[in-house]
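Written below as structure tokens is the structure these notes are about.
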Amino acid sequence: MNFEFYTASQIIFGEGTLSRTGPLASKMGKKALIVLGGGSLRKNGIIGRLTEFLNSAGVKSGFYEGIAKEPEVETVDRGVETALGFGADLIIGIGGGSVIDTAKAISGVVTNGGSVRDYLEGVGTGREITKPALPFIAIPTTAGTGAEVTKNAVISSSEEKFKKSIRSPYLIPKAAIVDPQLTWDVPPSVTAACGMDALAQLIEAYISKKSQPFTDALAIYGIPYVARSLGKAVKNGNDAEARADMCLASLLSGCALANSGLGAVHGIAASLGANPGIPHGLACGILLPHIMKINMRFDLRKFAHIGEALTGKRFESEEQAAEAGIEFVSELAKETGIPGDFRQFGIQPELIPQLAEGSKGSSMSGNPAVLSQGEIEGLLGSLI
Ligand SMILES: [Fe+2]
């Protein structure tokens, strides 16, 4: 058995840990570029608190803000210019997965040069990250992507219609600060979509062809946290225990997937995200039970573990346990308001071959079942 395992050098988890950012940042640099999204983190005072913590530790703050939805090539390239202009020696990304991905890509391109496009898998010039990135602290404010501990950033182009990764162990954040309190204001629909993303990541990391003992341990341990707490976090955003459970599940999923890869749910979700622009978590939530059904026979033992982890029950046969797991995921999706299919998005059937082709990115290589173009087209056809 051969394997490698990479993760962030330091993970700080718990309510109120945002205050740890100042002392931590002061060990890494003197000028921090803070990357953030829309204005909600300013309105609810989180950015004010963060800059105070940095200030009192002697770290100066600069800002690159307004990162909306999925980051584009230009979003990252402008951020690199901002970082260079400010003279940043440290990057802090605070927000959802898109913000953290933007900040992560900036931290790598600043020290390696060029445009982020050069480094993107499949569409770039084949250039690689060969030098360490600027020190990067990731602070997630949603519980879903696990981007605070992964080594890739997903970058899109709405013009060229792609969604591809820049990937390198150098891109793993130096530190992740996971403060569940920061997720309390996330609205129910986003909580649901992010939570289903975390669940899809745990399940796909566990059954991936590239899984290994460390990723197995993290992924299977994370699954019951989603099972017991996603519904509660969607119903009551101030349920501190449920929010913390979801942050932990998301963090575990990130640690696992960075080392095991993912599968068909993420392969197809990437394709649906690039062109019709279907939000990532929603696509994952809709696809997950269908892909589980397809994959079940390829690793019945692991699917039985998943069924037991989700339901907290024991079953007479592996088959029954696996099926109970799939049923549980379908019910959880329904309970949290995830649609049963993609009909509401009005995807044109003519687009299906192209969508299926676009699904065969790097995530797909970890999927237990090898899916043909025809099988992916068939699945998409039944869901749109
Ligand atoms: Fe994901």
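Going through the structure tokens in order, the chains are called A, B, and so on, while each chain numbers its residues from 1 and the ligands are numbered from 1 in the order shown.
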Counting only C-alpha atoms, which residues in region 3-102 of chain A sit no more than 12 Å from region 232-243 of chain A? For each one, give the nearest pair of atoms and the distance in Å, sorted by chain then residue number, as CSV.
residue,atom,partner,partner_atom,distance
A:Gly14,CA,A:Arg243,CA,10.7
A:Glu15,CA,A:Ala240,CA,8.9
A:Gly16,CA,A:Ala240,CA,11.9
Go ahead and dump the residues you just picked, C-alpha atoms, as an mmCIF file, in the first residue's frame.
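So the final result, stored in again_7.cif, reads:
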data_model
loop_
_atom_site.group_PDB
_atom_site.id
_atom_site.type_symbol
_atom_site.label_atom_id
_atom_site.label_comp_id
_atom_site.auth_asym_id
_atom_site.auth_seq_id
_atom_site.Cartn_x
_atom_site.Cartn_y
_atom_site.Cartn_z
ATOM 1 C CA GLY A 14 -14.226 26.215 17.717
ATOM 2 C CA GLU A 15 -16.571 29.049 18.618
ATOM 3 C CA GLY A 16 -14.816 32.374 19.014
#
Within 12 Å of ligand 1 (only C-alpha atoms and all ligand atoms), residues as number ranges by chain: A: 96-98, 143-147, 150, 152-154, 193-205, 250-251, 253-254, 256-258, 261-270, 273, 279-285, 287-288, 363
Residue subset to file, keeping N, CA and C atoms, as a short mmCIF file (atom, residue, chain, number, x, y, z; two decimals), in the first residue's frame:
data_model
loop_
_atom_site.label_atom_id
_atom_site.label_comp_id
_atom_site.auth_asym_id
_atom_site.auth_seq_id
_atom_site.Cartn_x
_atom_site.Cartn_y
_atom_site.Cartn_z
N GLY A 96 -17.20 32.10 1.76
CA GLY A 96 -17.58 30.78 1.28
C GLY A 96 -16.47 30.19 0.42
N GLY A 97 -16.76 29.06 -0.20
CA GLY A 97 -15.75 28.35 -0.99
C GLY A 97 -15.18 29.20 -2.11
N SER A 98 -16.02 30.02 -2.75
CA SER A 98 -15.54 30.82 -3.88
C SER A 98 -14.50 31.84 -3.43
N ALA A 143 -20.47 26.10 5.76
CA ALA A 143 -20.01 24.75 6.05
C ALA A 143 -20.33 23.88 4.85
N GLY A 144 -19.35 23.68 3.97
CA GLY A 144 -19.67 22.85 2.81
C GLY A 144 -18.48 22.44 1.98
N THR A 145 -17.67 23.37 1.54
CA THR A 145 -16.69 23.00 0.52
C THR A 145 -15.43 22.36 1.10
N GLY A 146 -15.10 22.70 2.33
CA GLY A 146 -13.85 22.18 2.90
C GLY A 146 -12.63 22.83 2.27
N ALA A 147 -12.85 23.91 1.50
CA ALA A 147 -11.76 24.55 0.75
C ALA A 147 -10.65 25.07 1.66
N THR A 150 -7.96 22.31 1.34
CA THR A 150 -7.67 21.60 0.08
C THR A 150 -6.57 22.30 -0.70
N ASN A 152 -6.57 22.73 -4.10
CA ASN A 152 -6.96 23.26 -5.41
C ASN A 152 -7.94 24.42 -5.26
N ALA A 153 -8.02 25.21 -6.31
CA ALA A 153 -9.02 26.28 -6.38
C ALA A 153 -9.72 26.14 -7.72
N VAL A 154 -11.05 26.25 -7.71
CA VAL A 154 -11.81 26.07 -8.94
C VAL A 154 -12.07 27.45 -9.55
N ALA A 193 -27.66 23.53 0.65
CA ALA A 193 -26.83 23.20 -0.52
C ALA A 193 -25.39 22.91 -0.08
N CYS A 194 -24.85 23.74 0.82
CA CYS A 194 -23.47 23.53 1.29
C CYS A 194 -23.38 22.20 2.05
N GLY A 195 -24.39 21.91 2.85
CA GLY A 195 -24.39 20.67 3.64
C GLY A 195 -24.42 19.44 2.75
N MET A 196 -25.21 19.50 1.67
CA MET A 196 -25.25 18.36 0.75
C MET A 196 -23.93 18.22 0.00
N ASP A 197 -23.26 19.35 -0.24
CA ASP A 197 -21.92 19.30 -0.85
C ASP A 197 -20.96 18.56 0.10
N ALA A 198 -21.00 18.94 1.38
CA ALA A 198 -20.11 18.28 2.36
C ALA A 198 -20.39 16.78 2.41
N LEU A 199 -21.68 16.42 2.39
CA LEU A 199 -22.03 14.99 2.44
C LEU A 199 -21.53 14.28 1.18
N ALA A 200 -21.73 14.90 0.03
CA ALA A 200 -21.26 14.29 -1.23
C ALA A 200 -19.74 14.12 -1.17
N GLN A 201 -19.05 15.11 -0.61
CA GLN A 201 -17.58 15.03 -0.52
C GLN A 201 -17.14 13.90 0.41
N LEU A 202 -17.82 13.75 1.54
CA LEU A 202 -17.48 12.66 2.47
C LEU A 202 -17.69 11.31 1.81
N ILE A 203 -18.85 11.15 1.16
CA ILE A 203 -19.18 9.86 0.54
C ILE A 203 -18.25 9.58 -0.64
N GLU A 204 -18.02 10.58 -1.48
CA GLU A 204 -17.15 10.34 -2.65
C GLU A 204 -15.70 10.10 -2.24
N ALA A 205 -15.24 10.80 -1.19
CA ALA A 205 -13.87 10.56 -0.72
C ALA A 205 -13.74 9.13 -0.18
N SER A 250 -17.71 19.43 7.23
CA SER A 250 -17.15 20.06 6.04
C SER A 250 -15.61 20.03 6.08
N LEU A 251 -15.07 20.33 7.24
CA LEU A 251 -13.61 20.31 7.43
C LEU A 251 -13.05 18.91 7.18
N SER A 253 -14.39 16.60 5.41
CA SER A 253 -14.54 16.27 3.98
C SER A 253 -13.39 16.89 3.18
N GLY A 254 -13.01 18.11 3.53
CA GLY A 254 -11.91 18.77 2.81
C GLY A 254 -10.60 18.04 3.02
N ALA A 256 -10.15 14.96 3.70
CA ALA A 256 -10.19 13.68 2.98
C ALA A 256 -10.06 13.90 1.47
N LEU A 257 -10.90 14.76 0.92
CA LEU A 257 -10.93 14.86 -0.55
C LEU A 257 -9.63 15.40 -1.14
N ALA A 258 -8.91 16.21 -0.37
CA ALA A 258 -7.64 16.75 -0.88
C ALA A 258 -6.65 15.63 -1.13
N GLY A 261 -9.33 12.48 -3.70
CA GLY A 261 -10.12 12.86 -4.87
C GLY A 261 -11.59 12.60 -4.62
N LEU A 262 -12.40 12.78 -5.66
CA LEU A 262 -13.86 12.67 -5.49
C LEU A 262 -14.40 11.66 -6.50
N GLY A 263 -15.56 11.94 -7.08
CA GLY A 263 -16.16 10.98 -8.00
C GLY A 263 -17.13 11.63 -8.96
N ALA A 264 -18.09 10.82 -9.42
CA ALA A 264 -18.98 11.27 -10.50
C ALA A 264 -19.88 12.44 -10.11
N VAL A 265 -20.28 12.51 -8.82
CA VAL A 265 -21.15 13.63 -8.42
C VAL A 265 -20.40 14.94 -8.72
N HIS A 266 -19.15 15.00 -8.31
CA HIS A 266 -18.38 16.23 -8.52
C HIS A 266 -17.97 16.41 -9.99
N GLY A 267 -17.75 15.32 -10.68
CA GLY A 267 -17.45 15.43 -12.12
C GLY A 267 -18.61 16.07 -12.86
N ILE A 268 -19.81 15.56 -12.62
CA ILE A 268 -20.99 16.08 -13.34
C ILE A 268 -21.35 17.47 -12.82
N ALA A 269 -21.24 17.69 -11.50
CA ALA A 269 -21.57 19.01 -10.93
C ALA A 269 -20.67 20.09 -11.52
N ALA A 270 -19.40 19.76 -11.80
CA ALA A 270 -18.48 20.74 -12.38
C ALA A 270 -18.96 21.14 -13.77
N GLY A 273 -22.00 23.26 -13.55
CA GLY A 273 -21.67 24.57 -13.01
C GLY A 273 -21.04 25.47 -14.06
N PRO A 279 -25.71 26.07 -9.28
CA PRO A 279 -24.87 26.17 -8.08
C PRO A 279 -24.35 24.81 -7.63
N HIS A 280 -23.08 24.81 -7.20
CA HIS A 280 -22.37 23.56 -6.92
C HIS A 280 -23.08 22.65 -5.91
N GLY A 281 -23.44 23.20 -4.76
CA GLY A 281 -24.02 22.38 -3.70
C GLY A 281 -25.36 21.77 -4.13
N LEU A 282 -26.13 22.58 -4.85
CA LEU A 282 -27.44 22.11 -5.32
C LEU A 282 -27.26 20.95 -6.30
N ALA A 283 -26.32 21.11 -7.22
CA ALA A 283 -26.05 20.04 -8.19
C ALA A 283 -25.61 18.77 -7.46
N CYS A 284 -24.76 18.93 -6.45
CA CYS A 284 -24.28 17.76 -5.69
C CYS A 284 -25.45 17.08 -4.98
N GLY A 285 -26.32 17.88 -4.36
CA GLY A 285 -27.45 17.32 -3.61
C GLY A 285 -28.42 16.56 -4.51
N LEU A 287 -27.66 15.17 -7.50
CA LEU A 287 -27.01 14.01 -8.13
C LEU A 287 -26.68 12.88 -7.16
N LEU A 288 -26.40 13.24 -5.89
CA LEU A 288 -25.82 12.27 -4.96
C LEU A 288 -26.56 10.92 -4.87
N SER A 363 -12.19 14.87 -11.23
CA SER A 363 -13.00 14.22 -10.18
C SER A 363 -13.44 12.84 -10.62
#
task: Identify which of the residues A:Phe162, A:Ser40, A:Tyr119, A:Lys209 lies closest to Pro187 (chain A), counting only C-alpha atoms when measuring atom-to-atom distances.
output: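 Distance minimum relative to Pro187 (chain A) lands on A:Ser40.
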DSSP on the backbone: which residues in region 30-103 of chain A end up as alpha helix (DSSP H)? Give the answer as a PDB file with C-alpha atoms, in the first residue's frame.
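This went into part-v1.pdb:
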ATOM      1  CA  SER A  40     -22.721  40.895   4.496  1.00  0.00           C
ATOM      2  CA  LEU A  41     -19.537  40.233   6.488  1.00  0.00           C
ATOM      3  CA  ARG A  42     -19.018  43.980   6.815  1.00  0.00           C
ATOM      4  CA  LYS A  43     -22.661  44.563   7.824  1.00  0.00           C
ATOM      5  CA  ILE A  46     -17.183  40.227  11.266  1.00  0.00           C
ATOM      6  CA  ILE A  47     -14.702  42.174   9.098  1.00  0.00           C
ATOM      7  CA  GLY A  48     -14.534  44.947  11.709  1.00  0.00           C
ATOM      8  CA  ARG A  49     -13.636  42.383  14.363  1.00  0.00           C
ATOM      9  CA  LEU A  50     -11.097  40.667  12.106  1.00  0.00           C
ATOM     10  CA  THR A  51      -9.250  43.922  11.311  1.00  0.00           C
ATOM     11  CA  GLU A  52      -9.222  44.817  15.008  1.00  0.00           C
ATOM     12  CA  PHE A  53      -7.667  41.441  15.873  1.00  0.00           C
ATOM     13  CA  LEU A  54      -5.040  41.995  13.164  1.00  0.00           C
ATOM     14  CA  ASN A  55      -4.397  45.584  14.195  1.00  0.00           C
ATOM     15  CA  SER A  56      -3.796  44.736  17.795  1.00  0.00           C
ATOM     16  CA  VAL A  73      -9.754  34.137 -14.297  1.00  0.00           C
ATOM     17  CA  GLU A  74      -9.912  37.958 -14.203  1.00  0.00           C
ATOM     18  CA  THR A  75     -11.097  37.890 -10.565  1.00  0.00           C
ATOM     19  CA  VAL A  76      -7.897  36.123  -9.538  1.00  0.00           C
ATOM     20  CA  ASP A  77      -5.600  38.122 -11.821  1.00  0.00           C
ATOM     21  CA  ARG A  78      -6.956  41.436 -10.493  1.00  0.00           C
ATOM     22  CA  GLY A  79      -6.508  40.121  -6.962  1.00  0.00           C
ATOM     23  CA  VAL A  80      -2.865  39.297  -7.722  1.00  0.00           C
ATOM     24  CA  GLU A  81      -2.335  42.899  -8.893  1.00  0.00           C
ATOM     25  CA  THR A  82      -4.032  44.181  -5.735  1.00  0.00           C
ATOM     26  CA  ALA A  83      -1.812  41.987  -3.536  1.00  0.00           C
ATOM     27  CA  LEU A  84       1.349  43.161  -5.329  1.00  0.00           C
ATOM     28  CA  GLY A  85       0.217  46.812  -5.232  1.00  0.00           C
ATOM     29  CA  PHE A  86      -0.444  46.583  -1.486  1.00  0.00           C
ATOM     30  CA  GLY A  97     -15.754  28.351  -0.988  1.00  0.00           C
ATOM     31  CA  SER A  98     -15.538  30.820  -3.884  1.00  0.00           C
ATOM     32  CA  VAL A  99     -13.810  33.459  -1.761  1.00  0.00           C
ATOM     33  CA  ILE A 100     -11.408  30.938  -0.255  1.00  0.00           C
ATOM     34  CA  ASP A 101     -10.613  29.567  -3.718  1.00  0.00           C
ATOM     35  CA  THR A 102      -9.955  33.096  -5.013  1.00  0.00           C
ATOM     36  CA  ALA A 103      -7.648  33.891  -2.091  1.00  0.00           C
TER      37      ALA A 103
END
9 Å contact set for Thr336 (chain A), only C-alpha atoms, chain neighbours under 4 positions out, as a PDB file with C-alpha atoms, in the first residue's frame:
ATOM      1  CA  PRO A 188     -31.446  27.978   5.064  1.00  0.00           C
ATOM      2  CA  SER A 189     -31.209  27.337   1.302  1.00  0.00           C
ATOM      3  CA  THR A 191     -27.006  25.889   4.453  1.00  0.00           C
ATOM      4  CA  ALA A 192     -28.813  23.012   2.724  1.00  0.00           C
ATOM      5  CA  ALA A 193     -26.830  23.198  -0.516  1.00  0.00           C
ATOM      6  CA  LEU A 230     -27.958  19.188   8.563  1.00  0.00           C
ATOM      7  CA  GLY A 231     -31.756  19.188   9.001  1.00  0.00           C
ATOM      8  CA  VAL A 234     -31.417  24.333   8.025  1.00  0.00           C
ATOM      9  CA  LYS A 235     -34.429  24.689  10.363  1.00  0.00           C
ATOM     10  CA  GLU A 331     -34.977  11.861   2.334  1.00  0.00           C
ATOM     11  CA  LEU A 332     -32.429  14.321   3.744  1.00  0.00           C
TER      12      LEU A 332
END
- request: Just give me the gap between CA of Tyr6 (chain A) and CA of Phe63 (chain A) in Å, one decimal is fine.
  value: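 A separation of 29.1 Å between them.
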message: Report, in Å with one decimal, the straight-line distance from CA of Ser107 (chain A) to CA of Gly22 (chain A).
response: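 CA of Gly22 (chain A) lies at a distance of 18.7 Å from CA of Ser107 (chain A).
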- request: Name the residues in contact with Ser158 (chain A) at a cut-off of 8 Å, using only C-alpha atoms, excluding same-chain residues fewer than 2 positions from it; report them as a list of chain:residue names.
  value: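 With the cut-off at 8 Å, the set is A:Glu72, A:Ser156, A:Glu160, A:Lys161, A:Phe162, A:Ala274, A:Asn275.
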Preceding selection exported with N, CA and C atoms as a PDB file, in the first residue's frame:
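Okay, selection_24.pdb is ready:
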ATOM      1  N   GLU A  72     -13.704  34.012 -11.479  1.00  0.00           N
ATOM      2  CA  GLU A  72     -13.282  33.930 -12.881  1.00  0.00           C
ATOM      3  C   GLU A  72     -11.768  34.185 -12.945  1.00  0.00           C
ATOM      4  N   SER A 156     -13.445  29.680 -12.989  1.00  0.00           N
ATOM      5  CA  SER A 156     -14.336  29.546 -14.151  1.00  0.00           C
ATOM      6  C   SER A 156     -14.031  30.604 -15.196  1.00  0.00           C
ATOM      7  N   GLU A 160     -15.441  31.488 -21.941  1.00  0.00           N
ATOM      8  CA  GLU A 160     -14.979  30.249 -22.580  1.00  0.00           C
ATOM      9  C   GLU A 160     -15.710  29.019 -22.057  1.00  0.00           C
ATOM     10  N   LYS A 161     -16.626  29.238 -21.121  1.00  0.00           N
ATOM     11  CA  LYS A 161     -17.449  28.175 -20.547  1.00  0.00           C
ATOM     12  C   LYS A 161     -16.629  27.011 -20.017  1.00  0.00           C
ATOM     13  N   PHE A 162     -15.712  27.306 -19.099  1.00  0.00           N
ATOM     14  CA  PHE A 162     -15.031  26.216 -18.402  1.00  0.00           C
ATOM     15  C   PHE A 162     -15.025  26.479 -16.911  1.00  0.00           C
ATOM     16  N   ALA A 274     -20.341  24.851 -15.020  1.00  0.00           N
ATOM     17  CA  ALA A 274     -19.626  25.650 -16.023  1.00  0.00           C
ATOM     18  C   ALA A 274     -20.576  26.265 -17.024  1.00  0.00           C
ATOM     19  N   ASN A 275     -21.526  25.464 -17.519  1.00  0.00           N
ATOM     20  CA  ASN A 275     -22.376  26.049 -18.549  1.00  0.00           C
ATOM     21  C   ASN A 275     -23.753  26.495 -18.107  1.00  0.00           C
TER      22      ASN A 275
END
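Taking CA of Asn2 (chain A) as the reference point, CA of Pro213 (chain A) is found at 10.3 Å.
The residue set within 9 Å of Ile326 (chain A), counting only C-alpha atoms and dropping same-chain residues fewer than 6 places from it, reads Leu288, Pro289, His290, Met292, Lys293, Phe303, Ile306 and Gly307 of chain A.
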Mind writing the picked residues with C-alpha atoms as an mmCIF file, in the first residue's frame?
data_model
loop_
_atom_site.group_PDB
_atom_site.id
_atom_site.type_symbol
_atom_site.label_atom_id
_atom_site.label_comp_id
_atom_site.auth_asym_id
_atom_site.auth_seq_id
_atom_site.Cartn_x
_atom_site.Cartn_y
_atom_site.Cartn_z
ATOM 1 C CA LEU A 288 -25.816 12.267 -4.960
ATOM 2 C CA PRO A 289 -28.520 9.574 -4.457
ATOM 3 C CA HIS A 290 -28.528 8.719 -8.188
ATOM 4 C CA MET A 292 -24.796 6.257 -5.116
ATOM 5 C CA LYS A 293 -27.237 3.848 -6.780
ATOM 6 C CA PHE A 303 -21.666 1.452 0.862
ATOM 7 C CA ILE A 306 -22.109 4.515 4.693
ATOM 8 C CA GLY A 307 -25.654 3.230 5.277
#
